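Presented below is the structure to which this report refers.
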Amino acid sequence: MSVMIRRKNDSPFAPQPDDGMTVCRCEEVTKGEIRRAVYDGARTFGEVKRRLRTGMGLCQGQTCQRLVLAIISRELGKSVGDLGKVTGRMPVRPVLMEELSRSGVEGMESEGAEHHE
């Protein structure tokens with residue numbers, strides 16, 4: 001993987017006619033927002049994701065990841081492979097403590113029954 005040096009952009013951000021196109025439908029992120037994030041210093045999918053939440057919606061990036069990577073690579077003049085790996089994470093949802101304690105008790109009962117027999 002090549003090293004990406006961060007430099008201040010000397011030229012002003014230049015909008016494109018299709019910047020209003022929605023790329024990430026789950027989080028309603030447009031191509032222009034992604035381009036702007038890259039202009040402002042984002043260099044990887046993870047950095048764009050942290051700024052704009054692309055890939056964090058219901059589809060977990062299954063719909064938009066390739067498009068976002070293509071936009072980043074085009075803006076940087078790099079290949080998609082030079083952008084680094086995209087790390088996926090399992091979606092997390094809140095769980096009530098009651099649910100955790102109930103599942104723990106059930107697990108303990110079945111373990112205890114096995115040991116006492």
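Residues in the structure tokens are named by chain (A, B, ... in the order shown) and by number from 1 within that chain; ligands are numbered from 1 in the order shown.
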
| Skipping near chain neighbours, those fewer than 3 positions away, what residues fall within 9 Å of Asp19 in chain A using only C-alpha atoms, listed as an MDAnalysis selection string? | chainID A and resid 15:16 22 30:35

| message | Just want the 6 Å neighbourhood of range 50-65 of chain A, counted on only C-alpha atoms, with same-chain residues fewer than 4 positions away dropped. Output as a PyMOL selection string. | response | chain A and resi 24+26-27

Saved selection, atoms kept: C-alpha atoms, as a compact mmCIF listing (two decimals), in the first residue's frame:
```
# COMPACT_ATOMS: atom_id res chain seq x y z
CA CYS A 24 -25.64 6.28 0.67
CA CYS A 26 -29.55 4.71 4.40
CA GLU A 27 -27.78 7.79 5.78
```

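The coordinates place CA of Val48 in chain A at 9.6 Å from CA of Leu69 in chain A.
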
| note | Taken to one decimal, the CA of Ala70 in chain A-CA of Pro12 in chain A distance is 21.6 Å

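Between Glu75 in chain A and the residues A:Val38, A:Leu96, A:Thr87, A:Ser101, the shortest atom-to-atom distance, using only C-alpha atoms, involves A:Val38.
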
| task | Find the residues near Tyr39 in chain A: any atom within 8 Å, counting only C-alpha atoms, skip ones fewer than 2 places away on the same chain, and give them as a list in words. | result | Asn9, Phe13, Arg35, Arg36, Ala37, Gly41, Ala42 and Glu75 of chain A

Since we have the selection now, will you write its residues out, keeping C-alpha atoms, as a PDB file, in the first residue's frame?
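Contents of the output file out_17.pdb:
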```pdb
ATOM      1  CA  ASN A   9      -5.558  21.928  -0.813  1.00  0.00           C
ATOM      2  CA  PHE A  13     -13.414  23.047  -3.738  1.00  0.00           C
ATOM      3  CA  ARG A  35     -16.074  14.696  -2.331  1.00  0.00           C
ATOM      4  CA  ARG A  36     -16.002  17.535   0.208  1.00  0.00           C
ATOM      5  CA  ALA A  37     -14.861  15.159   2.991  1.00  0.00           C
ATOM      6  CA  GLY A  41      -8.666  15.528   4.411  1.00  0.00           C
ATOM      7  CA  ALA A  42     -10.443  12.153   4.529  1.00  0.00           C
ATOM      8  CA  GLU A  75     -10.784  12.308  -6.033  1.00  0.00           C
TER       9      GLU A  75
END
```

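Atom pair CA of Leu83 in chain A / CA of Thr44 in chain A has a distance of 5.6 Å (rounded to one decimal).
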